[in-house]
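Below you'll find the structure, written out as C-alpha cells, and then a few comments.
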Amino acid sequence: DQQVKQNSPSLSVQEGRISILNCDYTNSMFDYFLWYKKYPAEGPTFLISISSIKDKNEDGRFTVFLNKSAKHLSLHIVPSQPGDSAVYFCAASGDGGTSYGKLTFGQGTILTVHP
Amino acid sequence: EPEVTQTPSHQVTQMGQEVILRCVPISNHLYFYWYRQILGQKVEFLVSFYNNEISEKSEIFDDQFSVERPDGSNFTLKIRSTKLEDSAMYFCASSGTGSRDTFGSGTRLTVV
C-alpha cells in the first residue's frame with residue numbers, strides 16, 4: 001500500500017535554516033492532509049493540517065503547502081531548531097476534514113537539526 | 001493537556017497466547033482507533049470504533065483481533081492467538097469534534 005509516500009528517509013539541516021519535508025500521494029479521494037511529529041518512545045503528535053480546498057496553511061514556524069494537481073505536499077519549518085529533530089509523518093484522509101476517519105500514513109522522514 | 005494513556009508500555013508474550021492492550025482515550029472524545037507500526041515500517045490503520053461498534057477495519061484486522069469498550073473509559077484491543085508477525089508498536093488514538101487523532105505513547109508488543 002503506497003498511497004502516501006515520503007521518499008526521503010532522512011534530512012539533515014543546520015539550525016536556523018529551512019527544513020523542507022516532502023510527501024506524495026496517489027489516492028485522489030484524499031481531501032485532508034496532516035503532518036505528525038514523533039519522538040522515540042512516544043506516539044505521533046499532531047503538528048499541522050491542510051484541507052484540499054486550500055494550497056497553504058501556516059502555523060508559526062510551520063507551513064504546509066498542497067499541490068493538488070501534482071498530488072504533492074510539503075512541510076516547511078523556518079527557522080529549524082534542534083528540538084525539531086524527530087520523525088515526521090505525512091498522513092491523509094478522505095473524510096473531508098472531519099474529526100473522525102482513518103489516517104493513511106507515509107513512511108516517515110527523520111529530521112536532524114544540527115546546532 | 002489531555003492525553004491518551006496506554007498500558008502496558010511493553011508486553012512480551014509467547015506465540016499462541018492471548019494479549020489485551022489497554023487504552024484510556026481522552027474523556028470527551030467519541031471516536032477511537034488502533035494503529036500499529038511494525039519496526040521499520042509505516043504506521044498502519046487497524047480499526048476505528050464509534051458508538052460502541054466498529055466503523056471501519058483494515059485487512060490486517062482479521063478474526064484474531066477484537067476491540068471493546070468495556071466501560072466508559074477504557075478501550076481495548078485483544079489479539080486472540082498471537083503470532084510472531086504481530087510484534088509491533090500498537091498505538092491507540094482518539095478524536096472528538098473539531099480535533100484530529102490524538103495518539104497514545106504506544107504499547108510495544110513482542111511475541112516470542
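Each chain in the C-alpha cells gets a letter, A, B, ..., in the order shown, and its residues are numbered from 1; ligands are numbered from 1 in order too.
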
- Message: Which residues are near region 22-24 of chain A? Cut-off 9 Å, only C-alpha atoms, ignore same chain within fewer than 4 positions. Put them as a ChimeraX atom specification.
- Response: /A:3-8,70-76,89-91,106,109

Residue subset to file, keeping N, CA and C atoms, as a tab-separated table (two decimals), in the first residue's frame:
chain	number	residue	atom	x	y	z
A	3	GLN	N	-0.07	4.44	-0.95
A	3	GLN	CA	-0.94	5.57	-1.24
A	3	GLN	C	-0.34	6.89	-0.77
A	4	VAL	N	0.47	6.84	0.26
A	4	VAL	CA	1.14	8.04	0.76
A	4	VAL	C	2.62	7.71	0.86
A	5	LYS	N	3.45	8.52	0.20
A	5	LYS	CA	4.87	8.21	0.15
A	5	LYS	C	5.72	9.39	0.59
A	6	GLN	N	6.67	9.09	1.42
A	6	GLN	CA	7.69	10.07	1.77
A	6	GLN	C	9.00	9.47	1.28
A	7	ASN	N	9.50	10.01	0.21
A	7	ASN	CA	10.63	9.37	-0.47
A	7	ASN	C	11.97	9.61	0.19
A	8	SER	N	12.04	10.59	1.07
A	8	SER	CA	13.31	10.85	1.75
A	8	SER	C	13.26	10.27	3.14
A	70	ALA	N	-0.39	17.98	-8.64
A	70	ALA	CA	0.78	17.11	-8.58
A	70	ALA	C	0.64	16.04	-7.50
A	71	LYS	N	-0.43	16.11	-6.72
A	71	LYS	CA	-0.63	15.20	-5.59
A	71	LYS	C	0.61	15.21	-4.69
A	72	HIS	N	0.98	16.41	-4.31
A	72	HIS	CA	2.21	16.61	-3.54
A	72	HIS	C	1.97	17.62	-2.43
A	73	LEU	N	2.50	17.32	-1.26
A	73	LEU	CA	2.50	18.33	-0.21
A	73	LEU	C	3.87	18.40	0.44
A	74	SER	N	4.11	19.54	1.06
A	74	SER	CA	5.39	19.70	1.72
A	74	SER	C	5.18	20.46	3.03
A	75	LEU	N	6.08	20.21	3.94
A	75	LEU	CA	6.10	20.89	5.24
A	75	LEU	C	7.38	21.70	5.30
A	76	HIS	N	7.22	22.99	5.56
A	76	HIS	CA	8.38	23.86	5.71
A	76	HIS	C	8.49	24.27	7.18
A	89	PHE	N	5.81	12.42	10.01
A	89	PHE	CA	4.93	11.60	9.19
A	89	PHE	C	3.91	12.47	8.48
A	90	CYS	N	3.75	12.21	7.22
A	90	CYS	CA	2.66	12.77	6.44
A	90	CYS	C	1.50	11.78	6.54
A	91	ALA	N	0.28	12.29	6.65
A	91	ALA	CA	-0.89	11.41	6.71
A	91	ALA	C	-2.01	12.03	5.89
A	106	GLY	N	2.47	8.02	5.60
A	106	GLY	CA	3.70	7.77	4.86
A	106	GLY	C	4.70	7.08	5.77
A	109	THR	N	9.96	10.65	7.70
A	109	THR	CA	11.28	11.23	7.39
A	109	THR	C	11.92	11.63	8.71

- Message: DSSP on the backbone: which residues in chain B end up as strand (DSSP E)? Give the answer as an NGL selection string.
- Response: :B and (5-7 or 10-13 or 19-24 or 31-37 or 43-50 or 53-57 or 65-68 or 75-79 or 88-96 or 99-103 or 107-111)

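Remark: for Cys23 (chain B), the closest of the candidate residues B:Thr82, B:Gln6, B:Asn51, B:Ser66 is B:Gln6 (distances computed over only C-alpha atoms).
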
- Item | Pick from A:Ser69, A:Thr112, A:Thr26, A:Thr45 nearest to chain B, counting only C-alpha atoms | A:Thr45

Give me the region 27-65 of chain B side of the contact with region 37-43 of chain A, cut-off 12 Å, one line per residue showing its nearest atom pair and distance in Å at one decimal, counting only C-alpha atoms, sorted by chain and residue number, as CSV.
residue,atom,partner,partner_atom,distance
B:Trp34,CA,A:Gly43,CA,11.9
B:Tyr35,CA,A:Gly43,CA,10.5
B:Arg36,CA,A:Gly43,CA,10.7
B:Gln37,CA,A:Gly43,CA,10.6
B:Val43,CA,A:Gly43,CA,10.4

Could you please take those selected residues and save C-alpha atoms as a JSON list (two decimals), in the first residue's frame?
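Listing of out.json after writing:
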[["chain", "number", "residue", "atom", "x", "y", "z"],
["B", 34, "TRP", "CA", -5.97, 1.34, 16.89],
["B", 35, "TYR", "CA", -2.93, 1.64, 14.66],
["B", 36, "ARG", "CA", 0.24, -0.42, 14.59],
["B", 37, "GLN", "CA", 3.77, 0.11, 13.41],
["B", 43, "VAL", "CA", 2.05, 3.34, 10.88]]

- Message: Just the number, please: distance in Å from CA of Phe103 (chain B) to CA of Tyr50 (chain B), one decimal.
- Response: 16.3 Å

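Neighbouring residues of Glu3 (chain B) at 8 Å or closer, counting only C-alpha atoms and skipping chain neighbours under 5 positions away, are Pro25, Ile26, Thr102, Phe103 and Gly104 of chain B.
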
- May I ask which of the residues B:Lys78, B:Phe65, B:Ile54, B:Asp101 is the closest one to chain A, counting only C-alpha atoms? B:Asp101

Counting only C-alpha atoms, what are the residues of region 2-97 of chain A within 12 Å of region 94-99 of chain B, and for each of them which pair of atoms is the nearest and at what distance in Å, to one decimal? Sort the table by chain and rising number, as JSON lines.
{"residue": "A:Phe46", "atom": "CA", "partner": "B:Ser99", "partner_atom": "CA", "distance": 9.8}
{"residue": "A:Leu47", "atom": "CA", "partner": "B:Ser99", "partner_atom": "CA", "distance": 11.9}
{"residue": "A:Ile48", "atom": "CA", "partner": "B:Ser99", "partner_atom": "CA", "distance": 11.5}
{"residue": "A:Ser49", "atom": "CA", "partner": "B:Ser99", "partner_atom": "CA", "distance": 11.1}
{"residue": "A:Gly97", "atom": "CA", "partner": "B:Gly98", "partner_atom": "CA", "distance": 9.1}

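Distance check against Arg80 (chain B) using only C-alpha atoms: of B:Lys42, B:Val19, B:Ser55, B:Thr107, the minimum falls on B:Val19.
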
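Here CA of Gln14 (chain A) and CA of His114 (chain A) stand 4.9 Å from one another.
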